[in-house]
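> Supplied in structure tokens, the structure appears directly below.
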Amino acid sequence: MKLSNLKGCAAYMALGLGVALSASAASAEDAPSWCGPNKASLALLDGFGGNSWRLVTTASGKEEAAKCPSITDYYYADGQGDTQKAISDINSMAARGVDAMVVFGDAGPAILPALTKAYRSGAVVVPYRVNVGGEAGKNYTRFVGADFVYDGESWGKWIKENFPDGANILFLSGPAGNSQGLDELKGMKNILDDSYKFLNPAPFAVTNWDPSLTQQVLSAAIAQHDNIDVIVSDFGPSLVGALPVFANFDRSIPAIATSDGNSLGCFWEKVHADNPGFKLFTVATGNDNVRLAVQWAIAEATGGTPPSEEVFKAPNFEDSTDGDPNPVQCRSDLPGAIYLSAQLSGDEQAKAVGQ
Amino acid sequence: MAETTPHSFEGPTGLMSMPLSKGFVTIVASTLALILLCVIFAPSAVTAGSLMGSLPFAAVLGIVGLGQMLVVQQGGFDLSVPGSVSLAVVIATHMPNGQDAGLLPALVIAVGFALAAGTLNGIMVAYFRLNAIVATIGMNALLFSAVFAISGGVPRITTNLLAHIAGGQTLGIPHSVLFALAILALVSFGLKKTVAGRRFEAIGANPAAARAAGLSVKPYQAMAYVAAQILYCTAGILIAGITREPTAFQGNSLLLPSVAVVVLAGTSLLGGRGFPISVVIAAFFLNQLSQFALSIGVPYSAQTIVQALALVFGIGVYSIEWTNRFKTEQTSSTEEENHETV
């Protein structure tokens with residue numbers, strides 16, 4: 001009798017404990033594991049904030065920070081493409097006593113001294129995406145890079161799958177010598193053997209990611225090579241103005257491996273019926289890189305558990321051949337200059353780019 | 001009266017008394033040589049399809065070049081090209097927001113901005129005697145602030161109507177080329193066949209003499225900036241149509257080429273005669289030169305060098321008195337070498 005009483009009591013307690021545990025688990029779900037209990041302020045510093053990609057990224061960073069109730073203040077500063085301003089933004093955030101900074105270091109190593117100073121004054125400093133030189137633990141807390149080699153490998157795998165016997169590839173990237181393009185090329189070469197020929201001058205055709213230059217480079221390339229099987233570009237939406245050039249040559253748009261953009265998806269929907277060779281494969285354009293950086297900064301500043309990943313790997317997003325992971329996406333009711341691969345909802349993005 | 005002006009101020013070389021200007025002959029010869037080079041070494045650069053892709057950009061550059069030419073004719077420089085072209089792109093894409101109905105008001109507003117910017121430039125330079133470079137670089141900053149104010153740096157996608165008007169083709173000819181030719185005809189007629197145009201050139205060649213002859217100099221000098229802005233604005237609207245998804249900074253890459261085509265066309269940087277046809281041919285030349293460089297597949301660095309050499313060639317031909325040099329030094333090979341650099 002006694003024993004069973006005890007048993008009943010224990011069962012009752014266990015039940016209560018279970019309820020308590022599940023309740024605390026629920027609150028932990030509200031605040032993600034990277035969000036610790038210590039209060040902190042956070043600043044997001046952009047080197048250049050004036051295009052749609054950056055606006056979506058900024059909004060994504062803000063949304064991510066808002067998930068953590070320990071963040072008391074949130075600041076944003078835009079360097080407007082001016083290295084001096086970017087440096088003074090960092091200095092002024094440090095002087096204001098901001099606990100954590102997430103920095104898009106467009107100016108590269110030029111901002112390292114300012115980052116180092118902020119780090120030594122006790123702030124958590126997380127540069128992301130663009131390499132600023134220096135070392136983690138000495139100049140800043142941690143660098144959350146993007147793995148562009150991985151992007152190149154994703155494209156390479158898709159090309160290999162769709163053109164198993166080799167292919168002629170035209171690879172377009174941004175300004176001459178940019179490390180993103182070089183890394184992507186390395187990734188593709190990791191997957192593709194010599195039966196895959198690059199038609200562009202090594203390492204890539206220079207477009208400065210400028211749509212009008214892209215259009216000129218592409219029309220020259222189309223005229224020169226009548227056997228382009230695949231176009232690889234690390235900025236998909238900049239192709240939209242240039243692809244109709246193929247019609248001038250009475251040729252189908254070839255297969256394209258690139259990064260996503262709403263305008264590109266909608267362009268594919270509109271023209272793929274007339275262009276039988278136009279297969280489209282995209283990887284996420286990487287707006288969510290900022291989320292990982294924000295998670296790291298908040299985890300370090302608030303005493304949370306840091307995320308397991310240190311480098312952002314862009315997931316595959318669209319594949320017109322097998323719909324894995326998604327068929328081509330188009331939201332024609334939303335502006336072209338948004339990125340449906342981003343976690344931020346399409347409508348939120350439209351708001352972020354002011355449309 | 002004005003007809004005699006070019007002769008009076010060009011010095012005794014006798015070249016200007018030739019029926020065709022030196023600039024025209026040189027740029028046509030260079031262009032033909034370049035086309036020949038393309039046919040031999042890079043036939044793909046002169047195929048119809050390739051030209052369809054690249055000619056619209058030559059047309060845009062030609063229009064911007066004509067604007068810059070007007071300013072250079074008055075001895076000035078217009079560094080507000082990037083700002084005004086970018087502003088026109090942004091207004092033409094942002095305000096209609098993809099709706100064809102909104103296009104006309106947007107274009108009117110774009111022209112309004114261009115008129116305001118041109119008038120301000122003209123007043124600063126002609127009436128307040130500000131240095132043209134300083135005044136227009138300030139204007140450029142002002143225009144870019146308007147670009148940011150309107151768009152936040154994000155232009156929208158072109159409306160279908162504008163894409164059709166600027167980017168379409170009629171009888172296989174890109175519309176932008178037709179626009180460039182029409183504007184060329186207008187500028188040529190205005191400069192060469194109207195009283196105002198003749199006075200404009202005379203004033204550019206020698207403002208002091210023009211003033212002594214009783215012309216009111218300042219309004220003409222100011223008008224150069226206004227007309228130039230209108231042309232930049234037109235070019236910006238065309239870019240918005242040609243590039244379906246332009247950036248907000250589309251004008252940035254046009255500043256240097258705009259000066260280059262004016263120089264290649266033989267316009268004196270000290271002011272004076274303008275050569276509208278040569279400017280447009282020079283725009284085609286420069287554009288074809290980059291297509292040539294792209295087609296022979298040289299690395300990007302070499303492309304840039306080729307374009308720089310073309311500029312050096314242009315300045316070399318016009319800025320140095322080769323005829324006098326031949327007389328004194330007998331080094332006729334120098335010019336030959338310069339010709340070969342292209």
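Going by the structure tokens order, chains are called A, B, ..., each with residues numbered from 1, while ligands are numbered from 1 in the order shown.
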What residues in chain A lie within 10 Å of chain B, counting only C-alpha atoms, written as a CSV table (one decimal) with C-alpha atoms, in the first residue's frame?

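Output file iface11.csv follows:
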chain,number,residue,atom,x,y,z
A,49,GLY,CA,23.6,49.2,-48.9
A,50,GLY,CA,22.2,50.5,-52.1
A,51,ASN,CA,20.9,47.6,-54.1
A,52,SER,CA,18.1,45.2,-53.7
A,53,TRP,CA,20.2,42.3,-52.7
A,54,ARG,CA,21.6,44.3,-49.8
A,55,LEU,CA,18.2,45.6,-48.8
A,80,GLN,CA,27.4,53.8,-49.0
A,175,PRO,CA,35.1,42.4,-61.7
A,176,ALA,CA,38.4,41.0,-63.0
A,177,GLY,CA,40.1,38.8,-60.5
A,199,LEU,CA,34.9,29.0,-73.9
A,200,ASN,CA,35.7,32.3,-72.0
A,201,PRO,CA,39.2,33.6,-71.5
A,202,ALA,CA,40.6,32.2,-68.3
A,203,PRO,CA,39.5,32.5,-65.5
A,204,PHE,CA,36.1,34.0,-66.4
A,205,ALA,CA,34.5,36.6,-68.6
A,206,VAL,CA,34.5,39.9,-66.8
A,207,THR,CA,31.1,41.5,-66.5
A,209,TRP,CA,28.0,42.2,-62.5
A,210,ASP,CA,26.7,45.1,-64.6
A,211,PRO,CA,23.7,44.2,-66.8
A,212,SER,CA,24.7,46.3,-69.7
A,213,LEU,CA,28.3,45.0,-69.8
A,214,THR,CA,26.9,41.5,-69.4
A,215,GLN,CA,24.8,42.1,-72.4
A,216,GLN,CA,27.8,43.2,-74.5
A,217,VAL,CA,30.0,40.4,-73.3
A,218,LEU,CA,27.3,37.8,-74.0
A,219,SER,CA,26.5,39.0,-77.5
A,220,ALA,CA,30.1,38.9,-78.4
A,221,ALA,CA,30.4,35.4,-77.0
A,222,ILE,CA,27.3,34.2,-78.7
A,223,ALA,CA,28.5,35.5,-82.1
A,224,GLN,CA,31.9,33.9,-81.6
A,225,HIS,CA,30.8,30.4,-80.4
A,226,ASP,CA,27.9,28.6,-82.0
A,237,PRO,CA,19.3,38.3,-62.7
A,238,SER,CA,22.0,40.2,-64.6
A,239,LEU,CA,21.4,37.7,-67.4
A,240,VAL,CA,17.8,38.6,-68.0
A,241,GLY,CA,18.5,41.6,-70.2
A,242,ALA,CA,21.2,39.7,-72.2
A,244,PRO,CA,17.1,37.7,-75.6
A,245,VAL,CA,20.2,38.2,-77.7
A,246,PHE,CA,20.0,34.5,-78.6
A,247,ALA,CA,16.9,35.3,-80.6
A,248,ASN,CA,18.9,37.6,-82.8
A,249,PHE,CA,20.9,34.5,-83.8
A,250,ASP,CA,17.9,32.3,-84.2
A,263,SER,CA,13.1,38.2,-62.5
A,335,PRO,CA,9.1,42.9,-57.9
A,336,GLY,CA,11.7,41.2,-60.0
A,337,ALA,CA,14.5,42.4,-57.8
A,353,VAL,CA,13.1,47.0,-51.5
A,354,GLY,CA,10.4,49.6,-51.1
A,355,GLN,CA,7.9,48.4,-53.6
> For Val294 of chain A, please output as an MDAnalysis selection string all residues within 7 Å (counting only C-alpha atoms; exclusion window: fewer than 6 positions along the same chain).
chainID A and resid 61 64:65 102
> Please write the residues from the selection above to a file, keeping N, CA and C atoms, as a PDB file, in the first residue's frame.

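Full text of selection.pdb as output:
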ATOM      1  N   GLY A  61      18.754  40.176 -41.800  1.00  0.00           N
ATOM      2  CA  GLY A  61      19.555  40.293 -40.586  1.00  0.00           C
ATOM      3  C   GLY A  61      18.719  40.818 -39.430  1.00  0.00           C
ATOM      4  N   GLU A  64      16.325  38.170 -38.194  1.00  0.00           N
ATOM      5  CA  GLU A  64      17.014  37.134 -37.410  1.00  0.00           C
ATOM      6  C   GLU A  64      17.294  37.649 -35.996  1.00  0.00           C
ATOM      7  N   ALA A  65      17.761  38.900 -35.918  1.00  0.00           N
ATOM      8  CA  ALA A  65      18.087  39.473 -34.604  1.00  0.00           C
ATOM      9  C   ALA A  65      16.838  39.586 -33.738  1.00  0.00           C
ATOM     10  N   VAL A 102      27.938  42.979 -36.629  1.00  0.00           N
ATOM     11  CA  VAL A 102      28.007  42.099 -37.798  1.00  0.00           C
ATOM     12  C   VAL A 102      28.349  43.002 -38.973  1.00  0.00           C
TER      13      VAL A 102
END
> In terms of the shortest atom-to-atom distance over only C-alpha atoms, which of B:Gln303, B:Asn206, B:Asn131, B:Gln221 is closest to Gly118 of chain B?
B:Gln221
> If you run DSSP on this backbone, which residues of segment 70-202 of chain A come out as strand (DSSP E or B), and could you give them as a count of residues only?
34
> Mind checking which residues fall within 8 Å of segment 281-286 of chain B, counting only C-alpha atoms, ignoring those fewer than 6 positions away in the same chain, and posting them as an MDAnalysis selection string?
chainID B and resid 27:28 30:31 34 55 58:59 61:62 65 257 261:262 264:265 307
> Could those residues be written to a file, using C-alpha atoms, as a PDB file, in the first residue's frame?

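Generated file (selection_18.pdb):
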ATOM      1  CA  ILE B  27      37.801  58.315 -87.637  1.00  0.00           C
ATOM      2  CA  VAL B  28      36.248  56.898 -90.815  1.00  0.00           C
ATOM      3  CA  SER B  30      40.169  53.978 -88.449  1.00  0.00           C
ATOM      4  CA  THR B  31      36.682  52.513 -88.352  1.00  0.00           C
ATOM      5  CA  LEU B  34      38.901  48.159 -87.581  1.00  0.00           C
ATOM      6  CA  LEU B  55      24.843  48.512 -81.649  1.00  0.00           C
ATOM      7  CA  ALA B  58      27.062  52.290 -79.435  1.00  0.00           C
ATOM      8  CA  ALA B  59      23.899  54.305 -80.050  1.00  0.00           C
ATOM      9  CA  LEU B  61      27.298  56.213 -76.273  1.00  0.00           C
ATOM     10  CA  GLY B  62      26.841  58.253 -79.444  1.00  0.00           C
ATOM     11  CA  GLY B  65      28.934  61.797 -76.774  1.00  0.00           C
ATOM     12  CA  PRO B 257      33.917  56.982 -73.160  1.00  0.00           C
ATOM     13  CA  VAL B 261      34.445  59.838 -78.488  1.00  0.00           C
ATOM     14  CA  VAL B 262      34.523  63.636 -78.481  1.00  0.00           C
ATOM     15  CA  LEU B 264      38.422  60.836 -81.221  1.00  0.00           C
ATOM     16  CA  ALA B 265      36.032  62.869 -83.356  1.00  0.00           C
ATOM     17  CA  GLN B 307      40.884  50.922 -75.488  1.00  0.00           C
TER      18      GLN B 307
END
> Select from segment 145-180 of chain A everything DSSP, run on the backbone, classes as helix (DSSP H, G or I), then give the selection as a PyMOL selection string.
chain A and resi 148-162+179-180
> Skipping near chain neighbours, those fewer than 2 positions away, what residues fall within 7 Å of Leu340 of chain A using only C-alpha atoms, listed as a PyMOL selection string?
chain A and resi 261-262+338+342+346
> I'd like the neighbourhood of Gly23 of chain B as a PyMOL selection string, where a residue qualifies if any of its atoms comes within 8 Å (using only C-alpha atoms), though same-chain residues fewer than 5 positions away should be ignored.
chain B and resi 264-267+275+278+318
> What is the distance, in Å and to one decimal place, between atom CA of Gly76 of chain B and atom CA of Ile137 of chain B?
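Distance between the two atoms: 12.1 Å.
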> Quick check, in Å to one decimal: how far apart do atom CA of Ser154 of chain A and atom CA of Met188 of chain A lie?
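Computing the Euclidean distance for atom CA of Ser154 of chain A and atom CA of Met188 of chain A yields 7.8 Å.
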> Could you give me, as a PyMOL selection string, the residues within 12 Å of Phe48 of chain A, counting only C-alpha atoms and dropping anything in the same chain fewer than 2 positions from it?
(chain A and resi 44-46+50-55+57-58+76-86+89+103-107) or (chain B and resi 152-153)
> Output the selection as an mmCIF file, in the first residue's frame - N, CA and C atoms for each residue.

data_model
loop_
_atom_site.group_PDB
_atom_site.id
_atom_site.type_symbol
_atom_site.label_atom_id
_atom_site.label_comp_id
_atom_site.auth_asym_id
_atom_site.auth_seq_id
_atom_site.Cartn_x
_atom_site.Cartn_y
_atom_site.Cartn_z
ATOM 1 N N LEU A 44 24.328 46.130 -37.226
ATOM 2 C CA LEU A 44 24.607 45.546 -38.536
ATOM 3 C C LEU A 44 25.214 46.656 -39.385
ATOM 4 N N LEU A 45 26.448 46.415 -39.866
ATOM 5 C CA LEU A 45 27.160 47.454 -40.602
ATOM 6 C C LEU A 45 27.372 47.004 -42.031
ATOM 7 N N ASP A 46 26.863 47.790 -42.940
ATOM 8 C CA ASP A 46 26.963 47.457 -44.358
ATOM 9 C C ASP A 46 28.022 48.356 -44.989
ATOM 10 N N GLY A 50 23.116 49.961 -51.097
ATOM 11 C CA GLY A 50 22.203 50.524 -52.091
ATOM 12 C C GLY A 50 21.798 49.615 -53.226
ATOM 13 N N ASN A 51 21.566 48.353 -53.015
ATOM 14 C CA ASN A 51 20.907 47.593 -54.075
ATOM 15 C C ASN A 51 19.938 46.596 -53.451
ATOM 16 N N SER A 52 19.138 45.977 -54.284
ATOM 17 C CA SER A 52 18.051 45.177 -53.746
ATOM 18 C C SER A 52 18.579 44.000 -52.942
ATOM 19 N N TRP A 53 19.687 43.421 -53.403
ATOM 20 C CA TRP A 53 20.232 42.278 -52.675
ATOM 21 C C TRP A 53 20.585 42.674 -51.248
ATOM 22 N N ARG A 54 21.203 43.847 -51.119
ATOM 23 C CA ARG A 54 21.596 44.316 -49.799
ATOM 24 C C ARG A 54 20.378 44.659 -48.952
ATOM 25 N N LEU A 55 19.375 45.243 -49.577
ATOM 26 C CA LEU A 55 18.189 45.610 -48.801
ATOM 27 C C LEU A 55 17.511 44.358 -48.248
ATOM 28 N N THR A 57 19.038 41.526 -47.710
ATOM 29 C CA THR A 57 19.953 40.977 -46.714
ATOM 30 C C THR A 57 19.816 41.713 -45.383
ATOM 31 N N THR A 58 19.739 43.046 -45.462
ATOM 32 C CA THR A 58 19.596 43.844 -44.248
ATOM 33 C C THR A 58 18.309 43.484 -43.510
ATOM 34 N N TYR A 76 21.667 49.992 -37.385
ATOM 35 C CA TYR A 76 22.123 49.688 -38.750
ATOM 36 C C TYR A 76 22.868 50.906 -39.282
ATOM 37 N N ALA A 77 23.944 50.680 -40.009
ATOM 38 C CA ALA A 77 24.638 51.791 -40.665
ATOM 39 C C ALA A 77 25.057 51.348 -42.059
ATOM 40 N N ASP A 78 24.977 52.262 -42.998
ATOM 41 C CA ASP A 78 25.299 51.962 -44.394
ATOM 42 C C ASP A 78 26.521 52.782 -44.803
ATOM 43 N N GLY A 79 27.593 52.095 -45.180
ATOM 44 C CA GLY A 79 28.816 52.788 -45.581
ATOM 45 C C GLY A 79 28.704 53.465 -46.934
ATOM 46 N N GLN A 80 27.647 53.208 -47.661
ATOM 47 C CA GLN A 80 27.369 53.839 -48.956
ATOM 48 C C GLN A 80 28.521 53.702 -49.943
ATOM 49 N N GLY A 81 29.241 52.595 -49.854
ATOM 50 C CA GLY A 81 30.324 52.365 -50.808
ATOM 51 C C GLY A 81 31.554 53.213 -50.546
ATOM 52 N N ASP A 82 31.562 53.919 -49.413
ATOM 53 C CA ASP A 82 32.658 54.827 -49.096
ATOM 54 C C ASP A 82 33.463 54.205 -47.956
ATOM 55 N N THR A 83 34.702 53.833 -48.230
ATOM 56 C CA THR A 83 35.513 53.144 -47.225
ATOM 57 C C THR A 83 35.666 53.987 -45.958
ATOM 58 N N GLN A 84 35.879 55.290 -46.143
ATOM 59 C CA GLN A 84 36.028 56.174 -44.976
ATOM 60 C C GLN A 84 34.793 56.117 -44.084
ATOM 61 N N LYS A 85 33.628 56.156 -44.730
ATOM 62 C CA LYS A 85 32.393 56.144 -43.949
ATOM 63 C C LYS A 85 32.223 54.798 -43.251
ATOM 64 N N ALA A 86 32.573 53.719 -43.961
ATOM 65 C CA ALA A 86 32.456 52.390 -43.359
ATOM 66 C C ALA A 86 33.317 52.311 -42.106
ATOM 67 N N ASP A 89 31.812 54.424 -39.361
ATOM 68 C CA ASP A 89 30.637 53.735 -38.807
ATOM 69 C C ASP A 89 31.060 52.730 -37.735
ATOM 70 N N VAL A 103 29.465 42.713 -39.645
ATOM 71 C CA VAL A 103 29.999 43.674 -40.603
ATOM 72 C C VAL A 103 30.148 43.053 -41.985
ATOM 73 N N PHE A 104 29.541 43.688 -42.983
ATOM 74 C CA PHE A 104 29.798 43.306 -44.374
ATOM 75 C C PHE A 104 30.960 44.170 -44.843
ATOM 76 N N GLY A 105 32.128 43.588 -44.908
ATOM 77 C CA GLY A 105 33.344 44.377 -45.158
ATOM 78 C C GLY A 105 33.645 44.559 -46.623
ATOM 79 N N ASP A 106 32.822 45.347 -47.319
ATOM 80 C CA ASP A 106 33.039 45.534 -48.755
ATOM 81 C C ASP A 106 34.444 46.021 -49.075
ATOM 82 N N ALA A 107 34.968 46.868 -48.189
ATOM 83 C CA ALA A 107 36.269 47.464 -48.489
ATOM 84 C C ALA A 107 37.416 46.488 -48.207
ATOM 85 N N GLY B 152 16.329 54.760 -53.611
ATOM 86 C CA GLY B 152 17.072 54.053 -52.579
ATOM 87 C C GLY B 152 18.153 53.172 -53.200
ATOM 88 N N GLY B 153 18.530 53.478 -54.417
ATOM 89 C CA GLY B 153 19.578 52.705 -55.084
ATOM 90 C C GLY B 153 19.048 51.494 -55.819
#
> Might you pull out every residue within 10 Å of Ala146 of chain B, with only C-alpha atoms counted and same-chain residues fewer than 2 positions away left off, and present them as a PyMOL selection string?
chain B and resi 83-84+86-87+90-91+113+140-144+148-153
> Write to file, as a PDB file, in the first residue's frame, the residues of the selection just made, with C-alpha atoms.

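Writing done, so here's result14.pdb:
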ATOM      1  CA  GLY B  83      24.505  61.276 -62.417  1.00  0.00           C
ATOM      2  CA  SER B  84      22.159  62.454 -65.127  1.00  0.00           C
ATOM      3  CA  SER B  86      21.597  57.186 -63.853  1.00  0.00           C
ATOM      4  CA  LEU B  87      18.823  59.536 -62.760  1.00  0.00           C
ATOM      5  CA  VAL B  90      15.964  55.372 -62.268  1.00  0.00           C
ATOM      6  CA  ILE B  91      13.059  57.693 -63.042  1.00  0.00           C
ATOM      7  CA  PHE B 113      15.048  67.045 -63.996  1.00  0.00           C
ATOM      8  CA  ASN B 140      26.872  64.991 -60.444  1.00  0.00           C
ATOM      9  CA  ALA B 141      26.835  64.493 -56.679  1.00  0.00           C
ATOM     10  CA  LEU B 142      23.521  66.317 -56.487  1.00  0.00           C
ATOM     11  CA  LEU B 143      22.020  64.139 -59.222  1.00  0.00           C
ATOM     12  CA  PHE B 144      23.177  60.981 -57.475  1.00  0.00           C
ATOM     13  CA  PHE B 148      19.079  57.656 -54.007  1.00  0.00           C
ATOM     14  CA  ALA B 149      16.147  59.782 -52.904  1.00  0.00           C
ATOM     15  CA  ILE B 150      13.912  58.382 -55.628  1.00  0.00           C
ATOM     16  CA  SER B 151      15.007  54.775 -55.677  1.00  0.00           C
ATOM     17  CA  GLY B 152      17.072  54.053 -52.579  1.00  0.00           C
ATOM     18  CA  GLY B 153      19.578  52.705 -55.084  1.00  0.00           C
TER      19      GLY B 153
END
> To one decimal place in Å, what is the distance between atom CA of Val226 of chain B and atom CA of Thr119 of chain B?
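These two atoms are separated by 5.5 Å.
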